[in-house]
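Novice: Okay, here's the structure, questions in a sec.
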Amino acid sequence: MSESDSSELKPLVAPCRELKPLVALDWLRKGYLDFKQVYKISLLYGFIMMLISLLITLVAYKSHSIVLAIALTAGFFFIGPIIAIGLYSLSRQISNDVTPQFLRCIKEGKKNMGNEMVLSFMFLIVFLIWARAASMLHIFFPSYSVMKLEDWYFFIGTGTLVGAIFAAIIFCVGAFSIPMLMDRNVDTVTAVITSINAVLKNKLSMLVWAALIIVLIGIGIMTFYIGFTVLLPIVGHATWHAYKETIDADAWELGPGLGEPMGKSSD
């Protein structure tokens, strides 16, 4: 093998840095600063997420199905990282001193459409398995109309435990993989393995990060989803900073689409 061929070989997984336990608070701070800088576009993403949440609630209410409500809600948060691609792109532009533009978000999203679709398909499979598992819980419980209070406690607790297992899988896979796909010329397998490896090597830090996301989502729900218009975009921007501070992806080439630096002419 020639020296030029060997220099093109890339590792299967990108190395990760060791994180401090409360570093997620700093990610949120940086995400908030990005949100303020591009608040108009960020609010648009947040508004879309709020509308999707309202639609899910309406469908579940009309169907009178608790299981459907849980399944649709979980499904939304499973595909949330995919929806937030535009937010990652905005933070990427800001980090690289590029004037943030919505059209550039679309272009960067198209750049790795194939890899992103593979990742979306993986998320969809996990979600469908989880939805099936959630529906099977009915086999072990009586009808809603005759369920006692202790039955409801056990039913909700069991459903939460099952959902937490699948949510943990999605969290490990999607924590850093999508920002890495956008930032570097890397394949889906490498991005996914890198994400899982980084989460497992920084368990405490990522547990804090996951807990903060859950708290913010809870606040959004308690505000009848209005809080989602601000909180979810901040989480999306913060996720970009989490990736940049955790993953050392210098072995891979930067992806195209950054455009001209701020203050410079396009001529």
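Residue numbering restarts at 1 in every chain; chains get A, B, ... in the order shown in the structure tokens, and ligands count up from 1 in that same order.
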I want to know what sits within 10 Å of Asn112 in chain A, based on only C-alpha atoms, with residues of the same chain fewer than 6 positions away left out; could you give that as a ChimeraX atom specification?
Specialist: /A:178,181-188,255
Novice: Apply DSSP to the backbone of this structure and, from range 107-172 of chain A, keep only the residues in alpha helix (DSSP H); write these as a PDB file with N, CA and C atoms, in the first residue's frame.
Specialist:
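The new file states04.pdb reads:
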ATOM      1  N   LYS A 107     -29.184  23.687   2.224  1.00  0.00           N
ATOM      2  CA  LYS A 107     -28.100  23.132   1.415  1.00  0.00           C
ATOM      3  C   LYS A 107     -27.263  22.146   2.219  1.00  0.00           C
ATOM      4  N   GLU A 108     -26.966  22.497   3.465  1.00  0.00           N
ATOM      5  CA  GLU A 108     -26.164  21.608   4.286  1.00  0.00           C
ATOM      6  C   GLU A 108     -26.939  20.344   4.634  1.00  0.00           C
ATOM      7  N   GLY A 109     -28.271  20.481   4.768  1.00  0.00           N
ATOM      8  CA  GLY A 109     -29.092  19.303   5.024  1.00  0.00           C
ATOM      9  C   GLY A 109     -29.097  18.350   3.843  1.00  0.00           C
ATOM     10  N   LYS A 110     -29.077  18.906   2.626  1.00  0.00           N
ATOM     11  CA  LYS A 110     -29.072  18.075   1.421  1.00  0.00           C
ATOM     12  C   LYS A 110     -27.730  17.393   1.201  1.00  0.00           C
ATOM     13  N   LYS A 111     -26.662  18.006   1.721  1.00  0.00           N
ATOM     14  CA  LYS A 111     -25.313  17.494   1.476  1.00  0.00           C
ATOM     15  C   LYS A 111     -25.166  16.042   1.912  1.00  0.00           C
ATOM     16  N   MET A 113     -27.840  13.964   2.689  1.00  0.00           N
ATOM     17  CA  MET A 113     -29.197  13.444   2.732  1.00  0.00           C
ATOM     18  C   MET A 113     -29.214  11.925   2.842  1.00  0.00           C
ATOM     19  N   GLY A 114     -28.311  11.247   2.097  1.00  0.00           N
ATOM     20  CA  GLY A 114     -28.278   9.786   2.134  1.00  0.00           C
ATOM     21  C   GLY A 114     -27.978   9.257   3.519  1.00  0.00           C
ATOM     22  N   ASN A 115     -26.920   9.793   4.145  1.00  0.00           N
ATOM     23  CA  ASN A 115     -26.557   9.354   5.496  1.00  0.00           C
ATOM     24  C   ASN A 115     -27.637   9.697   6.513  1.00  0.00           C
ATOM     25  N   GLU A 116     -28.244  10.872   6.339  1.00  0.00           N
ATOM     26  CA  GLU A 116     -29.289  11.287   7.268  1.00  0.00           C
ATOM     27  C   GLU A 116     -30.523  10.405   7.139  1.00  0.00           C
ATOM     28  N   MET A 117     -30.828   9.965   5.915  1.00  0.00           N
ATOM     29  CA  MET A 117     -31.965   9.073   5.715  1.00  0.00           C
ATOM     30  C   MET A 117     -31.704   7.708   6.351  1.00  0.00           C
ATOM     31  N   VAL A 118     -30.463   7.235   6.266  1.00  0.00           N
ATOM     32  CA  VAL A 118     -30.110   5.977   6.920  1.00  0.00           C
ATOM     33  C   VAL A 118     -30.307   6.088   8.427  1.00  0.00           C
ATOM     34  N   LEU A 119     -29.864   7.203   8.986  1.00  0.00           N
ATOM     35  CA  LEU A 119     -30.012   7.425  10.421  1.00  0.00           C
ATOM     36  C   LEU A 119     -31.493   7.551  10.794  1.00  0.00           C
ATOM     37  N   SER A 120     -32.253   8.246   9.978  1.00  0.00           N
ATOM     38  CA  SER A 120     -33.693   8.381  10.219  1.00  0.00           C
ATOM     39  C   SER A 120     -34.374   7.018  10.199  1.00  0.00           C
ATOM     40  N   PHE A 121     -33.938   6.173   9.273  1.00  0.00           N
ATOM     41  CA  PHE A 121     -34.508   4.831   9.182  1.00  0.00           C
ATOM     42  C   PHE A 121     -34.192   4.033  10.444  1.00  0.00           C
ATOM     43  N   MET A 122     -32.985   4.198  10.961  1.00  0.00           N
ATOM     44  CA  MET A 122     -32.623   3.529  12.208  1.00  0.00           C
ATOM     45  C   MET A 122     -33.509   4.002  13.356  1.00  0.00           C
ATOM     46  N   PHE A 123     -33.723   5.315  13.433  1.00  0.00           N
ATOM     47  CA  PHE A 123     -34.603   5.866  14.459  1.00  0.00           C
ATOM     48  C   PHE A 123     -36.021   5.314  14.313  1.00  0.00           C
ATOM     49  N   LEU A 124     -36.479   5.227  13.064  1.00  0.00           N
ATOM     50  CA  LEU A 124     -37.839   4.755  12.806  1.00  0.00           C
ATOM     51  C   LEU A 124     -38.004   3.312  13.253  1.00  0.00           C
ATOM     52  N   ILE A 125     -37.010   2.472  12.985  1.00  0.00           N
ATOM     53  CA  ILE A 125     -37.090   1.074  13.396  1.00  0.00           C
ATOM     54  C   ILE A 125     -37.186   0.966  14.920  1.00  0.00           C
ATOM     55  N   VAL A 126     -36.319   1.722  15.616  1.00  0.00           N
ATOM     56  CA  VAL A 126     -36.352   1.693  17.087  1.00  0.00           C
ATOM     57  C   VAL A 126     -37.704   2.170  17.592  1.00  0.00           C
ATOM     58  N   PHE A 127     -38.239   3.231  16.967  1.00  0.00           N
ATOM     59  CA  PHE A 127     -39.527   3.758  17.397  1.00  0.00           C
ATOM     60  C   PHE A 127     -40.646   2.742  17.184  1.00  0.00           C
ATOM     61  N   LEU A 128     -40.654   2.064  16.036  1.00  0.00           N
ATOM     62  CA  LEU A 128     -41.705   1.088  15.745  1.00  0.00           C
ATOM     63  C   LEU A 128     -41.646  -0.083  16.720  1.00  0.00           C
ATOM     64  N   ILE A 129     -40.427  -0.501  17.064  1.00  0.00           N
ATOM     65  CA  ILE A 129     -40.286  -1.575  18.050  1.00  0.00           C
ATOM     66  C   ILE A 129     -40.800  -1.111  19.407  1.00  0.00           C
ATOM     67  N   TRP A 130     -40.442   0.144  19.754  1.00  0.00           N
ATOM     68  CA  TRP A 130     -40.912   0.675  21.036  1.00  0.00           C
ATOM     69  C   TRP A 130     -42.438   0.798  21.051  1.00  0.00           C
ATOM     70  N   ALA A 131     -43.018   1.286  19.947  1.00  0.00           N
ATOM     71  CA  ALA A 131     -44.471   1.436  19.882  1.00  0.00           C
ATOM     72  C   ALA A 131     -45.158   0.082  20.020  1.00  0.00           C
ATOM     73  N   ARG A 132     -44.568  -0.942  19.404  1.00  0.00           N
ATOM     74  CA  ARG A 132     -45.131  -2.286  19.515  1.00  0.00           C
ATOM     75  C   ARG A 132     -45.031  -2.795  20.943  1.00  0.00           C
ATOM     76  N   ALA A 133     -43.894  -2.539  21.568  1.00  0.00           N
ATOM     77  CA  ALA A 133     -43.714  -2.965  22.960  1.00  0.00           C
ATOM     78  C   ALA A 133     -44.699  -2.255  23.874  1.00  0.00           C
ATOM     79  N   ALA A 134     -44.940  -0.970  23.604  1.00  0.00           N
ATOM     80  CA  ALA A 134     -45.885  -0.208  24.431  1.00  0.00           C
ATOM     81  C   ALA A 134     -47.304  -0.744  24.286  1.00  0.00           C
ATOM     82  N   SER A 135     -47.687  -1.094  23.063  1.00  0.00           N
ATOM     83  CA  SER A 135     -49.044  -1.615  22.847  1.00  0.00           C
ATOM     84  C   SER A 135     -49.228  -2.984  23.488  1.00  0.00           C
ATOM     85  N   MET A 136     -48.154  -3.763  23.576  1.00  0.00           N
ATOM     86  CA  MET A 136     -48.235  -5.098  24.170  1.00  0.00           C
ATOM     87  C   MET A 136     -48.416  -5.051  25.676  1.00  0.00           C
ATOM     88  N   LEU A 149     -56.180   2.306  41.185  1.00  0.00           N
ATOM     89  CA  LEU A 149     -55.110   3.293  41.265  1.00  0.00           C
ATOM     90  C   LEU A 149     -53.741   2.635  41.234  1.00  0.00           C
ATOM     91  N   GLU A 150     -53.578   1.512  41.961  1.00  0.00           N
ATOM     92  CA  GLU A 150     -52.285   0.833  41.967  1.00  0.00           C
ATOM     93  C   GLU A 150     -51.960   0.236  40.594  1.00  0.00           C
ATOM     94  N   ASP A 151     -53.014  -0.148  39.858  1.00  0.00           N
ATOM     95  CA  ASP A 151     -52.800  -0.652  38.495  1.00  0.00           C
ATOM     96  C   ASP A 151     -52.255   0.454  37.592  1.00  0.00           C
ATOM     97  N   TRP A 152     -52.797   1.640  37.773  1.00  0.00           N
ATOM     98  CA  TRP A 152     -52.327   2.773  36.961  1.00  0.00           C
ATOM     99  C   TRP A 152     -50.874   3.106  37.278  1.00  0.00           C
ATOM    100  N   TYR A 153     -50.513   3.069  38.570  1.00  0.00           N
ATOM    101  CA  TYR A 153     -49.131   3.328  38.953  1.00  0.00           C
ATOM    102  C   TYR A 153     -48.184   2.332  38.292  1.00  0.00           C
ATOM    103  N   PHE A 154     -48.569   1.065  38.362  1.00  0.00           N
ATOM    104  CA  PHE A 154     -47.721   0.019  37.798  1.00  0.00           C
ATOM    105  C   PHE A 154     -47.676   0.116  36.275  1.00  0.00           C
ATOM    106  N   PHE A 155     -48.813   0.426  35.675  1.00  0.00           N
ATOM    107  CA  PHE A 155     -48.896   0.553  34.217  1.00  0.00           C
ATOM    108  C   PHE A 155     -48.006   1.692  33.721  1.00  0.00           C
ATOM    109  N   ILE A 156     -48.131   2.856  34.343  1.00  0.00           N
ATOM    110  CA  ILE A 156     -47.337   4.022  33.933  1.00  0.00           C
ATOM    111  C   ILE A 156     -45.854   3.793  34.225  1.00  0.00           C
ATOM    112  N   GLY A 157     -45.566   3.179  35.387  1.00  0.00           N
ATOM    113  CA  GLY A 157     -44.175   2.911  35.734  1.00  0.00           C
ATOM    114  C   GLY A 157     -43.518   1.941  34.762  1.00  0.00           C
ATOM    115  N   THR A 158     -44.242   0.886  34.399  1.00  0.00           N
ATOM    116  CA  THR A 158     -43.703  -0.089  33.451  1.00  0.00           C
ATOM    117  C   THR A 158     -43.499   0.546  32.081  1.00  0.00           C
ATOM    118  N   GLY A 159     -44.494   1.325  31.646  1.00  0.00           N
ATOM    119  CA  GLY A 159     -44.372   1.993  30.349  1.00  0.00           C
ATOM    120  C   GLY A 159     -43.213   2.976  30.312  1.00  0.00           C
ATOM    121  N   THR A 160     -43.020   3.674  31.432  1.00  0.00           N
ATOM    122  CA  THR A 160     -41.905   4.624  31.505  1.00  0.00           C
ATOM    123  C   THR A 160     -40.570   3.908  31.436  1.00  0.00           C
ATOM    124  N   LEU A 161     -40.456   2.767  32.120  1.00  0.00           N
ATOM    125  CA  LEU A 161     -39.212   2.000  32.114  1.00  0.00           C
ATOM    126  C   LEU A 161     -38.898   1.489  30.704  1.00  0.00           C
ATOM    127  N   VAL A 162     -39.907   0.951  30.040  1.00  0.00           N
ATOM    128  CA  VAL A 162     -39.706   0.442  28.678  1.00  0.00           C
ATOM    129  C   VAL A 162     -39.308   1.585  27.750  1.00  0.00           C
ATOM    130  N   GLY A 163     -40.018   2.711  27.877  1.00  0.00           N
ATOM    131  CA  GLY A 163     -39.705   3.867  27.040  1.00  0.00           C
ATOM    132  C   GLY A 163     -38.315   4.404  27.306  1.00  0.00           C
ATOM    133  N   ALA A 164     -37.893   4.368  28.577  1.00  0.00           N
ATOM    134  CA  ALA A 164     -36.567   4.883  28.937  1.00  0.00           C
ATOM    135  C   ALA A 164     -35.463   4.065  28.285  1.00  0.00           C
ATOM    136  N   ILE A 165     -35.682   2.751  28.176  1.00  0.00           N
ATOM    137  CA  ILE A 165     -34.675   1.890  27.548  1.00  0.00           C
ATOM    138  C   ILE A 165     -34.490   2.275  26.081  1.00  0.00           C
ATOM    139  N   PHE A 166     -35.600   2.425  25.370  1.00  0.00           N
ATOM    140  CA  PHE A 166     -35.512   2.784  23.953  1.00  0.00           C
ATOM    141  C   PHE A 166     -35.008   4.218  23.779  1.00  0.00           C
ATOM    142  N   ALA A 167     -35.436   5.107  24.686  1.00  0.00           N
ATOM    143  CA  ALA A 167     -34.958   6.492  24.610  1.00  0.00           C
ATOM    144  C   ALA A 167     -33.451   6.559  24.826  1.00  0.00           C
ATOM    145  N   ALA A 168     -32.935   5.709  25.718  1.00  0.00           N
ATOM    146  CA  ALA A 168     -31.492   5.679  25.965  1.00  0.00           C
ATOM    147  C   ALA A 168     -30.739   5.237  24.716  1.00  0.00           C
ATOM    148  N   ILE A 169     -31.314   4.284  23.990  1.00  0.00           N
ATOM    149  CA  ILE A 169     -30.688   3.821  22.745  1.00  0.00           C
ATOM    150  C   ILE A 169     -30.627   4.961  21.735  1.00  0.00           C
ATOM    151  N   ILE A 170     -31.740   5.652  21.575  1.00  0.00           N
ATOM    152  CA  ILE A 170     -31.790   6.761  20.630  1.00  0.00           C
ATOM    153  C   ILE A 170     -30.849   7.880  21.052  1.00  0.00           C
ATOM    154  N   PHE A 171     -30.779   8.131  22.346  1.00  0.00           N
ATOM    155  CA  PHE A 171     -29.902   9.193  22.851  1.00  0.00           C
ATOM    156  C   PHE A 171     -28.447   8.878  22.535  1.00  0.00           C
ATOM    157  N   CYS A 172     -28.039   7.633  22.775  1.00  0.00           N
ATOM    158  CA  CYS A 172     -26.650   7.245  22.497  1.00  0.00           C
ATOM    159  C   CYS A 172     -26.332   7.360  21.012  1.00  0.00           C
TER     160      CYS A 172
END
Novice: Rank nothing, just name the residue among A:Met49, A:Ile106, A:Met180, A:Leu207 nearest to Asp248 in chain A, using only C-alpha atoms.
Specialist: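 Distance minimum relative to Asp248 in chain A lands on A:Met180.
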Novice: In Å to one decimal, how far is CA of Thr57 in chain A from CA of Gly31 in chain A?
Specialist: 27.6 Å
Novice: Using only C-alpha atoms, which residues of range 137-200 of chain A come within 12 Å of range 232-236 of chain A, and what is the closest atom pair for each, with the distance in Å to one decimal? Give it as JSON lines, sorted by chain and residue number.
Specialist:
{"residue": "A:Gly174", "atom": "CA", "partner": "A:Gly236", "partner_atom": "CA", "distance": 12.0}
{"residue": "A:Ala175", "atom": "CA", "partner": "A:Gly236", "partner_atom": "CA", "distance": 10.7}
{"residue": "A:Phe176", "atom": "CA", "partner": "A:Gly236", "partner_atom": "CA", "distance": 11.4}
{"residue": "A:Ile178", "atom": "CA", "partner": "A:Gly236", "partner_atom": "CA", "distance": 11.1}
{"residue": "A:Pro179", "atom": "CA", "partner": "A:Gly236", "partner_atom": "CA", "distance": 10.0}
Novice: Could you check which of A:Val189, A:Ser205, A:Ser91, A:Ala84 is closest to Phe35 in chain A, using only C-alpha atoms?
Specialist: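 Nearest to Phe35 in chain A: A:Ser91.
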Novice: Please determine, counting only C-alpha atoms, which residue among A:His237, A:Ile48, A:Asp250, A:Phe224 has the shortest atom-to-atom distance to Ile85 in chain A.
Specialist: A:His237
Novice: Quick one: pull the distance between CA of Ser42 in chain A and CA of Ser89 in chain A, Å, one decimal.
Specialist: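 Between these atoms lies a distance of 11.0 Å.
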Novice: Taking only C-alpha atoms into account, name the residue in A:Leu90, A:Val173, A:Leu43, A:Ala24 that is nearest to Val208 in chain A.
Specialist: A:Ala24
Novice: How many Å lie between CA of Lys201 in chain A and CA of Ser95 in chain A, rounded to one decimal?
Specialist: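 For CA of Lys201 in chain A relative to CA of Ser95 in chain A, the distance reads 25.4 Å.
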Novice: Name the closest residue to Lys203 in chain A among the candidates A:Leu22, A:Ile221, A:Val13, A:Leu137; distances are taken between atoms, counting only C-alpha atoms.
Specialist: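 Closest candidate: A:Leu22.
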Novice: Could you pull the residues within 12 Å of Cys16 in chain A, counting only C-alpha atoms, minus those fewer than 2 positions along the same chain, as a PDB file with C-alpha atoms, in the first residue's frame?
Specialist:
ATOM      1  CA  VAL A  13     -14.459   5.829  15.490  1.00  0.00           C
ATOM      2  CA  ALA A  14     -13.481   9.408  16.238  1.00  0.00           C
ATOM      3  CA  GLU A  18     -13.229  13.617  28.751  1.00  0.00           C
ATOM      4  CA  LEU A  19     -16.009  15.904  29.938  1.00  0.00           C
ATOM      5  CA  PHE A 176     -23.355  13.416  18.332  1.00  0.00           C
ATOM      6  CA  ALA A 191     -20.825   8.752  13.179  1.00  0.00           C
ATOM      7  CA  ILE A 193     -20.253   4.378  16.679  1.00  0.00           C
ATOM      8  CA  THR A 194     -18.514   7.633  17.586  1.00  0.00           C
ATOM      9  CA  SER A 195     -21.661   8.923  19.277  1.00  0.00           C
ATOM     10  CA  ILE A 196     -22.254   5.735  21.265  1.00  0.00           C
ATOM     11  CA  ASN A 197     -18.596   5.575  22.312  1.00  0.00           C
ATOM     12  CA  ALA A 198     -18.580   9.206  23.487  1.00  0.00           C
ATOM     13  CA  VAL A 199     -21.754   8.752  25.542  1.00  0.00           C
ATOM     14  CA  LEU A 200     -20.499   5.576  27.211  1.00  0.00           C
ATOM     15  CA  LYS A 201     -17.122   7.149  28.044  1.00  0.00           C
ATOM     16  CA  ASN A 202     -18.787  10.228  29.597  1.00  0.00           C
ATOM     17  CA  ALA A 242     -21.805  19.495  22.776  1.00  0.00           C
ATOM     18  CA  TYR A 243     -20.539  17.771  19.634  1.00  0.00           C
ATOM     19  CA  LYS A 244     -17.705  20.254  19.025  1.00  0.00           C
ATOM     20  CA  GLU A 245     -16.459  20.039  22.618  1.00  0.00           C
ATOM     21  CA  THR A 246     -16.764  16.257  22.855  1.00  0.00           C
ATOM     22  CA  ILE A 247     -15.730  14.780  19.508  1.00  0.00           C
ATOM     23  CA  ASP A 248     -12.281  15.192  17.950  1.00  0.00           C
ATOM     24  CA  ALA A 249     -13.155  14.818  14.250  1.00  0.00           C
ATOM     25  CA  ASP A 250     -10.055  16.462  12.794  1.00  0.00           C
TER      26      ASP A 250
END
Novice: Smallest atom-to-atom distance to Ile83 in chain A: which of A:Ile52, A:Leu103, A:Leu212, A:Ile226, using only C-alpha atoms?
Specialist: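 Using only C-alpha atoms, Ile83 in chain A sits closest to A:Ile52.
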